[in-house]
Amino acid sequence: MMKRGETLMSLWGKRFLYFDGAMGTLLQARGMKAGEEPERWNIARPQLVKEVHLAYLEAGCDIIASNTFGATRAHLGEDADALMTAGVKVAMEAVREAGHGWVAADISSLGRLLQPYGDMPFEEAVQQFREAAQAGLTAGADLVLIETMTDLLELKAAVLGAREAMEAVGLQVPLFCSAAFDGKRRLLTGADIRGTAAMLVGLGADAVGLNCGLGPKDLLEHTRELLRWCEKPVFISPNAGVPVVVSGITTFPTDAKDFAQEMVQVAELGVWGLGGCCGTTPAHLESMIRSTKGLNPLPRNGEEACVISGRSVSLAMGEKPLLIGERINPTGKPRMKQALREGDLDFLLREAVAQAEAGADALDVNVGLPGINEPEMLSKAVTAIQTVCELPLQIDSADAQAMEAALRVYAGKPIINSVSGKQEVLTQVLPLARKYGGALVVLLLDDNGIPDTAQGRLAIARRVIREAERWGIPRRELLFDALTLAASGGEGAPGVTLETLRLLREELGVKTVLGVSNVSFGLPQRPLLTAAFTAMAIGQGLSAAILNPLEPMVRAMMDAASAISGRDEGFARYLAAYGGQGDYVLTSQLREQETAGNLTLESDGAAQSLDPAAQAILQGLASQAAMLVRARLQEGSPPLGLVESCVMPGLAEAGNRYEQGRLFLPQLLQSAQAAQAAFEEIRRRLPREQADQGKKVILATVQGDVHDIGKNIVKVLLRNYGYSVVDLGRDVPPQSVLEAVQSSHAKLVGLSALMTTTVPAMERTIALLKREAPDVRVMVGGAVLTQEYADQIGADGYGKDAMAAVRLAERFCASQEGESGAGAK
């Protein structure tokens with residue numbers, strides 16, 4: 001495969017690399033109308049686009065992003081490829097005229113949520129990103145820049161699409177990836193910086209960055225976090241502060257001098273790339289470059305950790321012994337086998353929720369069963385479980401095709417279970433680990449079986465390390481399974497396992513994992529033996545134990561052993577689990593709950609007080625919520641009473657946890673869908689006039705803006721809170737919003753905008769509504785907005801996130817009802 005951009009990569013760390021700044025606002029200054037798609041100027045007004053590129057190159061920028069931020073079919077239809085090609089060529093002309101620089105094919109979000117929360121299939125997203133990247137590479141781009149991403153799964157789709165585009169054109173170029181995190185250092189859909197970086201590095205990103213949303217000062221802690229956990233070069237492109245409206249014009253308050261001073265602080269943290277995003281101009285970049293030219297990039301000294309992640313939880317292997325829940329596995333479980341044959345994913349979801357609430361750190365997912373389509377089932381199971389469970393997953397399969405199907409759609413960086421010393425297995429699985437990333441379980445057996453001695457197993461470990469490193473997989477990503485054999489099979493078997501653990505730690509310095517419950521197979525009181533062996537293994541440095549978290553004796557012994565061995569800092573985990581229990585007594589309580597079919601192990605007082613149907617809604621278990629409500633209706637419970645006792649309390653608790661940072665957007669949306677499933681059961685029992693009386697809300701993404709992820713999330717939540725939502729879509733003119741208000745008699749409008757260039761259209765829409773429909777309240781939201789900004793453009797309320805929009809709707813509608821009631825007296 002040919003390579004391009006090698007010179008660029010060789011400069012990392014030798015000097016700072018400088019990225020350019022904003023494009024849209026500079027095109028507006030050259031006559032682009034508000035709401036006009038900037039990418040279309042690549043063909044309609046290429047000379048003016050080139051002027052902007054040249055201005056950044058003259059300021060000293062090294063990397064010029066093509067004017068193709070939205071050049072995908074989702075935004076531009078069949079014109080996308082032509083506009084990407086034209087955009088890259090215009091940037092290349094500017095680089096040739098300036099005599100220096102590199103051109104990045106710039107790609108950002110498709111503006112739509114991926115399934116299961118949105119309507120876009122994952123593979124469709126990959127295909128659109130592949131098309132965009134391929135057009136950019138064919139046009140001559142030196143690198144691909146994926147930027148301003150806010151959803152972990154869409155970011156993965158973009159990286160896969162870019163990599164597959166390189167394969168299609170036979171060209172390898174640098175791939176830089178940048179995400180936009182909020183003030184809490186989370187993506188829109190909940191992922192943290194550590195987990196996002198781990199996924200990107202595992203997928204093969206050549207540099208990882210932060211951009212948009214915040215100014216340099218507000219990104220300092222974000223930058224420190226990224227530098228700690230990312231081994232790749234890091235680049236930072238902040239906004240010029242938080243936007244405000246001055247004399248009706250969107251303005252960013254941080255001037256060039258202040259921006260440069262703040263970026264010096266960013267540079268001194270150890271980043272290797274500096275640039276700008278919204279509100280920055282060539283003057284900002286020139287000042288920044290002048291202020292940082294005398295500095296030398298610091299050497300990187302981040303942690304070389306093995307990080308695994310789910311949608312919103314990440315863990316560093318080795319910080320403490322991890323508990324990997326083993327229950328999603330059909331081996332020896334007739335009910336699980338039945339569920340898999342019947343395609344009953346709800347059973348798997350209940351098992352996942354129960355293990356997570358019982359204290360598991362990660363979950364093993366194995367659906368291997370004769371007679372089922374394992375690739376299809378495993379990918380479905382992983383996707384479904386990630387809707388209700390934020391923990392990292394261990395994807396467990398002996399079928400390489402099934403393994404790849406699940407790895408492809410997994411949001412985050414999983415554990416891959418497993419590879420072994422068998423050459424055939426190495427040949428199948430190592431390429432998958434290299435392509436998709438993941439901590440890789442290594443079974444210490446080979447074509448000759450399981451060695452009887454610890455030294456024999458250690459020899460296999462050494463050979464697998466060499467093979468993995470040949471594929472570019474470092475030993476820190478390998479988790480060695482010393483193999484737990486049944487104690488009943490021979491007196492020395494557990495001893496060999498423990499000795500192997502010790503040698504792996506002392507001689508190879510690697511992480512380890514064990515399926516510990518195998519030790520007690522065939523013996524009475526299995527939990528007692530498993531608990532004792534778990535404690536002994538932790539004493540030998542075990543990194544992760546695969547066991548049943550619903551077994552209290554085993555879980556308690558693991559927590560106690562971790563604390564005593566000094567691997568539970570400050571006894572934090574132990575005290576959290578047992579600090580308030582007085583004298584701890586091991587009982588069979590959990591097994592009794594399981595036998596009774598109640599797998600709700602949440603210790604939170606608020607959850608315990610909820611009706612079982614409300615608990616199912618909180619946990620995102622749609623089928624169970626519907627089933628429980630249906631049973632209550634059949635028993636004669638009044639339909640509206642169930643709304644008050646089940647649906648609304650479950651949703652309210654989910655909303656509260658989201659606002660407290662204990663629940664993240666995917667789980668909130670899943671709870672909303674569970675509430676919808678329950679409400680549909682209730683709706684069927686209501687008279688039509690009661691079923692259709694939800695308060696009306698108009699939603700729209702404003703004229704010129706085609707990003708509607710945030711608006712669609714708000715729509716889902718509002719509908720599940722009982723509102724009747726009229727969704728006008730995206731790129732909606734002000735007059736269309738007014739006409740929808742007049743025809744529907746709605747009293748509340750929600751407007752969304754992502755791009756700074758489209759905020760004036762939002763202001764015009766608000767002004768029109770205030771003039772023509774003065775009794776209508778308007779709430780606004782979007783990445784570029786703040787409360788101050790919302791106040792300045794005349795909005796009645798600002799929703800910083802989807803849940804805040806729901807709270808605003810509740811407040812506005814309650815206020816309007818009060819006004820209506822007062823007028824009737």
# chains A, B, ... in the order shown; residues from 1 in each chain; ligands from 1
>>> select_by_dssp(residues="region 463-679 of chain A", states="alpha helix (DSSP H)", output="ChimeraX atom specification")
/A:463-470,493-503,526-539,552-564,572-578,589-595,605-608,612-619,622-634,639-642,648-659,665-679
>>> atom_distance(atom1="CA of His100 (chain A)", atom2="CA of Ile64 (chain A)")
10.3 Å
>>> closest_residue(among="A:Asn518, A:Ser418, A:Gln525, A:Thr189", to="Phe480 (chain A)", atoms="only C-alpha atoms")
A:Ser418
>>> residues_around(residues="Val516 (chain A)", least_positions_apart="6", cutoff="8 Å", atoms="only C-alpha atoms", output="PyMOL selection string")
chain A and resi 484+530+533-534+545-547
>>> write_last_selection(atoms="N, CA and C atoms", output="mmCIF file, in the first residue's frame")
data_model
loop_
_atom_site.group_PDB
_atom_site.id
_atom_site.type_symbol
_atom_site.label_atom_id
_atom_site.label_comp_id
_atom_site.auth_asym_id
_atom_site.auth_seq_id
_atom_site.Cartn_x
_atom_site.Cartn_y
_atom_site.Cartn_z
ATOM 1 N N THR A 484 -8.010 -22.368 34.834
ATOM 2 C CA THR A 484 -8.464 -22.977 36.078
ATOM 3 C C THR A 484 -9.066 -24.342 35.767
ATOM 4 N N THR A 530 -15.004 -21.722 45.383
ATOM 5 C CA THR A 530 -14.703 -20.661 44.421
ATOM 6 C C THR A 530 -14.213 -19.409 45.137
ATOM 7 N N PHE A 533 -10.586 -19.914 46.376
ATOM 8 C CA PHE A 533 -9.622 -19.886 45.270
ATOM 9 C C PHE A 533 -9.474 -18.477 44.705
ATOM 10 N N THR A 534 -10.561 -17.730 44.658
ATOM 11 C CA THR A 534 -10.495 -16.342 44.179
ATOM 12 C C THR A 534 -9.555 -15.532 45.054
ATOM 13 N N ALA A 545 -11.243 -11.519 37.532
ATOM 14 C CA ALA A 545 -11.855 -12.823 37.782
ATOM 15 C C ALA A 545 -13.192 -12.893 37.059
ATOM 16 N N ILE A 546 -13.390 -13.957 36.300
ATOM 17 C CA ILE A 546 -14.667 -14.191 35.635
ATOM 18 C C ILE A 546 -15.488 -15.090 36.554
ATOM 19 N N LEU A 547 -16.554 -14.535 37.107
ATOM 20 C CA LEU A 547 -17.353 -15.302 38.066
ATOM 21 C C LEU A 547 -18.774 -14.748 38.126
#
>>> residues_around(residues="Gln172 (chain A)", least_positions_apart="4", cutoff="9 Å", atoms="only C-alpha atoms", output="PyMOL selection string")
chain A and resi 1-5+143+163+166-167
>>> write_last_selection(atoms="N, CA, C and O atoms", output="CSV table (one decimal), in the first residue's frame")
chain,number,residue,atom,x,y,z
A,1,MET,N,0.8,-1.2,0.0
A,1,MET,CA,0.0,0.0,0.0
A,1,MET,C,0.9,1.2,0.0
A,1,MET,O,1.8,1.4,0.8
A,2,MET,N,0.6,2.2,-0.9
A,2,MET,CA,1.4,3.4,-0.9
A,2,MET,C,1.1,4.3,0.3
A,2,MET,O,0.0,4.2,0.9
A,3,LYS,N,2.1,5.1,0.7
A,3,LYS,CA,1.9,5.9,1.8
A,3,LYS,C,2.0,7.4,1.4
A,3,LYS,O,2.7,7.7,0.5
A,4,ARG,N,1.3,8.2,2.1
A,4,ARG,CA,1.3,9.7,1.9
A,4,ARG,C,1.3,10.3,3.3
A,4,ARG,O,0.6,9.8,4.2
A,5,GLY,N,2.0,11.4,3.5
A,5,GLY,CA,1.9,12.1,4.8
A,5,GLY,C,3.0,11.7,5.7
A,5,GLY,O,3.0,12.0,6.9
A,143,LEU,N,-4.0,13.8,4.4
A,143,LEU,CA,-4.5,13.1,5.6
A,143,LEU,C,-6.0,13.2,5.7
A,143,LEU,O,-6.6,14.0,5.0
A,163,ARG,N,-10.6,4.1,7.3
A,163,ARG,CA,-9.6,3.1,7.1
A,163,ARG,C,-10.0,2.2,5.9
A,163,ARG,O,-9.1,1.8,5.1
A,166,MET,N,-9.1,3.9,2.7
A,166,MET,CA,-7.7,3.8,2.4
A,166,MET,C,-7.4,2.5,1.7
A,166,MET,O,-6.6,2.4,0.8
A,167,GLU,N,-8.0,1.4,2.2
A,167,GLU,CA,-7.8,0.1,1.6
A,167,GLU,C,-8.3,0.1,0.2
A,167,GLU,O,-7.7,-0.5,-0.7
